[in-house]
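Colleague: After the structure tokens below, expect a handful of questions from me.
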Amino acid sequence: MNFALGKYVPYDTWVHRMDARAKLAATILFMVAVFFPMATWTMTLVAQGFLLLFVSFILASTKTRLRSILTSLKSLWVMVLFLLIIYVLVPKATNTLGVAWTWNGWTVYWDSFAEAARVIVRLVMMIMIAMALTSSTKPLDLTYALQWYLSPLKPLHFPVEEVAMTISIALRFIPTLLEDAMRVMRAQSSRGVDFAHGNLWKRITGLTSLIIPLFVSSFLRSEELANAMECRCYDPREKRTKYRKLHFRVSDIFLLLAMAVITAGIITISAMKIDFFALMGIVAL
Amino acid sequence: MPINLQDVTYVYNPKTPMEKKALKGVNLEIKEGSFTALVGRTGCGKSTLIQHLNALLSPTEGAVVIDSFHNDSNKKRRDKKTKDLRKNVGLVFQFPEYQLFEETIEKDVAFGPKNFGDTKEEALEKAHRALESVGLDESFYTRSPFEISGGEKRRVAIAGILAIKPKYLVVDEPTAGLDPSGAKDIMDLFKKVHEQGTTVILVTHDMDIVLSYCTDVIVLDHGKVALACKPQDLFGTEVEQYSLQTPQLYSFASKLESRGMALDHDAVKDVASLADEIIKRRNSR
């Protein structure tokens with residue numbers, strides 16, 4: 001099974017030790033930086049290359065194994081194919097890299113491929129940073145971080161606590177549901193269901209034999225959980241204390257600052273359409 | 001042919017911080033035609049072991065040989081046709097009632113036979129006979145499996161495996177959560193199945209059941225086979241070290257013996273057989 005994405009791996013690296021709030025903010029800053037377009041292709045190459053190196057460094061620091069990175073990227077190939085076809089089929093007006101081929105008056109520019117590659121690299125980076133975040137942060141800490149960021153909305157009667165509770169319950173039950181799914185899968189495999197092979201119809205009936213028991217058990221679980229919460233007098237309007245407190249440290253501020261500088265730099269270069277290579281040319285002249 | 005486990009080792013999540021060795025070189029033989037109990041404390045590897053018996057898991061090291069099927073750690077020597085194996089080895093998981101999904105009970109029970117290649121009529125015929133053997137009459141056939149009681153649901157689920165007519169039947173704690181009379185009904189059902197020539201492998205924590213129903217017992221402790229013998233021989237040893245409990249009946253018989261009553265230990269299986277033994281001794285005196 002491939003669920004490397006979103007699975008916390010309990011190592012003790014500096015990324016793991018960082019404050020969840022800092023990591024969440026840094027991730028969002030990084031995602032913003034990834035999506036800013038550059039003036040020329042060479043600049044794009046430099047900027048995206050730099051970001052890719054950066055995220056690779058972070059991900060390597062979390063001790064995530066290369067195999068699990070590759071398996072979570074493997075599912076992207078359909079996307080890659082789709083993007084390539086779309087970009088090649090849709091005629092592009094811009095031509096900066098030259099003509100790839102002309103066929104019966106239908107011209108394909110190298111730009112199309114570059115464009116597709118850029119989108120794919122962006123997606124890969126998004127997946128990598130998300131992996132770095134989720135593999136190094138406990139889901140509960142992430143929820144606390146989110147709650148902390150949303151807490152200014154409280155005076156506006158935004159249900160911060162309820163949203164945080166909903167999210168933390170949802171996150172908490174991902175492994176449980178996965179385990180349930182595996183259990184039902186094993187039981188149905190013992191009854192001769194083959195989830196991986198066979199014709200489409202067989203696979204669909206195989207899937208129903210998995211989904212219906214899962215639905216039934218998750219409804220049962222939710223009812224049990226609701227009862228358990230009520231037995232403990234859960235009241236969303238009541239003020240709740242926390243067992244684990246989040247702590248900002250110097251290293252957190254340092255990383256946040258570094259990330260902010262990188263993002264600001266990328267935005268500036270993008271907004272001002274600066275081309276270092278052109279500048280260098282001017283200087284050389 | 002017996003089921004053979006040769007040096008079976010199984011590791012969960014290898015090469016990660018969550019790595020856990022569940023089985024550490026298990027060597028054992030389960031005789032054909034036996035009613036074998038698999039006992040041991042929680043987390044000793046029982047559930048991992050039984051999943052090797054129908055190739056839901058493959059050993060990390062070693063091999064499991066069932067008839068002509070090789071479930072080997074070496075992929076080249078491992079047989080691929082798991083379907084034939086799963087038809088021969090029926091596996092009833094713990095709380096099997098969670099795997100029901102069809103609209104009617106007869107359809108749910110017929111699901112297994114149909115997956116193993118029976119036509120709809122053959123499968124329904126087998127389903128009806130399996131339902132009869134678990135004590136559910138015609139009035140249940142067209143009812144929904146979600147509207148019957150918990151004990152009945154479990155019987156339907158067990159019928160779902162019996163309908164496949166496996167040569168080996170593996171059951172994981174079939175009596176968990178049932179009332180004493182329901183538990184007895186279920187165990188009598190397995191006894192009947194065993195008498196019809198099926199090899200039954202039973203995972204249980206209930207030593208009374210082991211004493212009254214089983215012909216052999218295998219004790220697992222910390223992923224290794226601690227003991228493989230007859231139930232009567234097991235209770236003669238210090239069973240507390242495996243966190244098992246001597247059945248009351250056995251202690252009672254031993255006390256009678258220490259007071260001078262010579263009993264045939266192998267014949268004492270339940271209250272009725274103990275009474276028979278006592279009467280026999282009296283008459284011979």
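Please note that chains go A, B, ... in the order of the structure tokens, that every chain numbers its residues from 1, and that ligands are numbered from 1 in the order shown.
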Can you check which residues of segment 102-188 of chain A DSSP gives as strand (DSSP E or B) on the backbone and send them as number ranges by chain?

Modeller: A: 102-103, 106-109

Colleague: Determine which residues of chain B sit within 10 Å of chain A, taking into account only C-alpha atoms, and present them as a PDB file with C-alpha atoms, in the first residue's frame.

Modeller:
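Once written, iface.pdb looks like this:
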```
ATOM      1  CA  LYS B  15      14.086  -0.677   8.355  1.00  0.00           C
ATOM      2  CA  THR B  16      11.952   2.028   9.996  1.00  0.00           C
ATOM      3  CA  PRO B  17      11.726   3.186  13.607  1.00  0.00           C
ATOM      4  CA  MET B  18       8.447   1.205  13.867  1.00  0.00           C
ATOM      5  CA  GLN B  51      -2.059 -14.890   8.164  1.00  0.00           C
ATOM      6  CA  ASN B  54      -3.275 -18.459   3.509  1.00  0.00           C
ATOM      7  CA  ALA B  55      -0.554 -16.220   2.116  1.00  0.00           C
ATOM      8  CA  LEU B  56      -2.004 -12.916   3.266  1.00  0.00           C
ATOM      9  CA  LEU B  57       1.500 -12.429   4.609  1.00  0.00           C
ATOM     10  CA  THR B  82      -2.943 -17.735  -3.892  1.00  0.00           C
ATOM     11  CA  LYS B  83      -6.518 -18.366  -5.021  1.00  0.00           C
ATOM     12  CA  ASP B  84      -6.166 -22.139  -4.903  1.00  0.00           C
ATOM     13  CA  LEU B  85      -4.551 -21.882  -1.489  1.00  0.00           C
ATOM     14  CA  ARG B  86      -7.280 -19.622  -0.132  1.00  0.00           C
ATOM     15  CA  LYS B  87      -9.919 -22.067  -1.298  1.00  0.00           C
ATOM     16  CA  VAL B  89      -7.373 -22.687   3.791  1.00  0.00           C
ATOM     17  CA  GLY B  90     -10.416 -20.820   5.100  1.00  0.00           C
ATOM     18  CA  LEU B  91      -9.577 -18.013   7.493  1.00  0.00           C
ATOM     19  CA  VAL B  92     -12.183 -16.648   9.902  1.00  0.00           C
ATOM     20  CA  PHE B  93     -10.897 -13.431  11.434  1.00  0.00           C
ATOM     21  CA  GLN B  94     -11.683 -12.023  14.828  1.00  0.00           C
ATOM     22  CA  PRO B  96     -15.898 -11.572  11.361  1.00  0.00           C
ATOM     23  CA  GLU B  97     -19.324  -9.898  11.498  1.00  0.00           C
ATOM     24  CA  TYR B  98     -17.639  -6.686  10.287  1.00  0.00           C
ATOM     25  CA  GLN B  99     -17.045  -8.182   6.853  1.00  0.00           C
ATOM     26  CA  LEU B 100     -20.734  -8.601   5.915  1.00  0.00           C
ATOM     27  CA  PHE B 101     -21.844  -6.374   3.068  1.00  0.00           C
ATOM     28  CA  GLU B 102     -24.486  -7.950   0.798  1.00  0.00           C
ATOM     29  CA  ASP B 108     -23.347 -12.774   1.465  1.00  0.00           C
ATOM     30  CA  VAL B 109     -22.606 -16.396   2.279  1.00  0.00           C
ATOM     31  CA  ALA B 110     -22.555 -17.263  -1.434  1.00  0.00           C
ATOM     32  CA  PHE B 111     -20.014 -14.512  -2.088  1.00  0.00           C
ATOM     33  CA  GLY B 112     -17.028 -16.745  -1.262  1.00  0.00           C
ATOM     34  CA  PRO B 113     -18.001 -19.771  -3.382  1.00  0.00           C
ATOM     35  CA  LYS B 114     -18.846 -17.439  -6.266  1.00  0.00           C
ATOM     36  CA  ASN B 115     -15.401 -15.833  -6.072  1.00  0.00           C
ATOM     37  CA  PHE B 116     -13.838 -19.287  -6.255  1.00  0.00           C
ATOM     38  CA  GLY B 117     -15.593 -20.016  -9.533  1.00  0.00           C
ATOM     39  CA  PHE B 146     -27.482  -5.814   9.139  1.00  0.00           C
ATOM     40  CA  GLY B 160     -19.420 -17.440   4.590  1.00  0.00           C
ATOM     41  CA  ILE B 161     -16.128 -19.277   5.080  1.00  0.00           C
ATOM     42  CA  ALA B 163     -19.480 -22.407   2.305  1.00  0.00           C
ATOM     43  CA  ILE B 164     -16.091 -22.406   0.552  1.00  0.00           C
TER      44      ILE B 164
END
```

Colleague: Name all residues at most 12 Å from segment 275-283 of chain B (count only C-alpha atoms; drop same-chain ones fewer than 5 positions away) and give them as a list in words.

Modeller: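 Listing them by chain and then by number gives Leu249, Phe252, Ala253, Leu256, Glu257, Gly260, Met261, Ala262, Leu263, Asp264, His265, Asp266, Ala267, Val268, Lys269 and Asp270 of chain B.
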
Colleague: Taking into account only C-alpha atoms, which residue in the set A:Ile262, A:Tyr243, A:Phe36, A:Met43 is nearest to Leu279 of chain A?

Modeller: A:Met43

Colleague: By how many Å are atom CA of Gln196 of chain B and atom CA of Asn71 of chain B apart?

Modeller: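 Atom CA of Asn71 of chain B lies at a distance of 27.0 Å from atom CA of Gln196 of chain B.
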
Colleague: In Å, with one decimal, what is the gap from atom CA of Val160 of chain A to atom CA of Thr143 of chain A?

Modeller: 10.8 Å
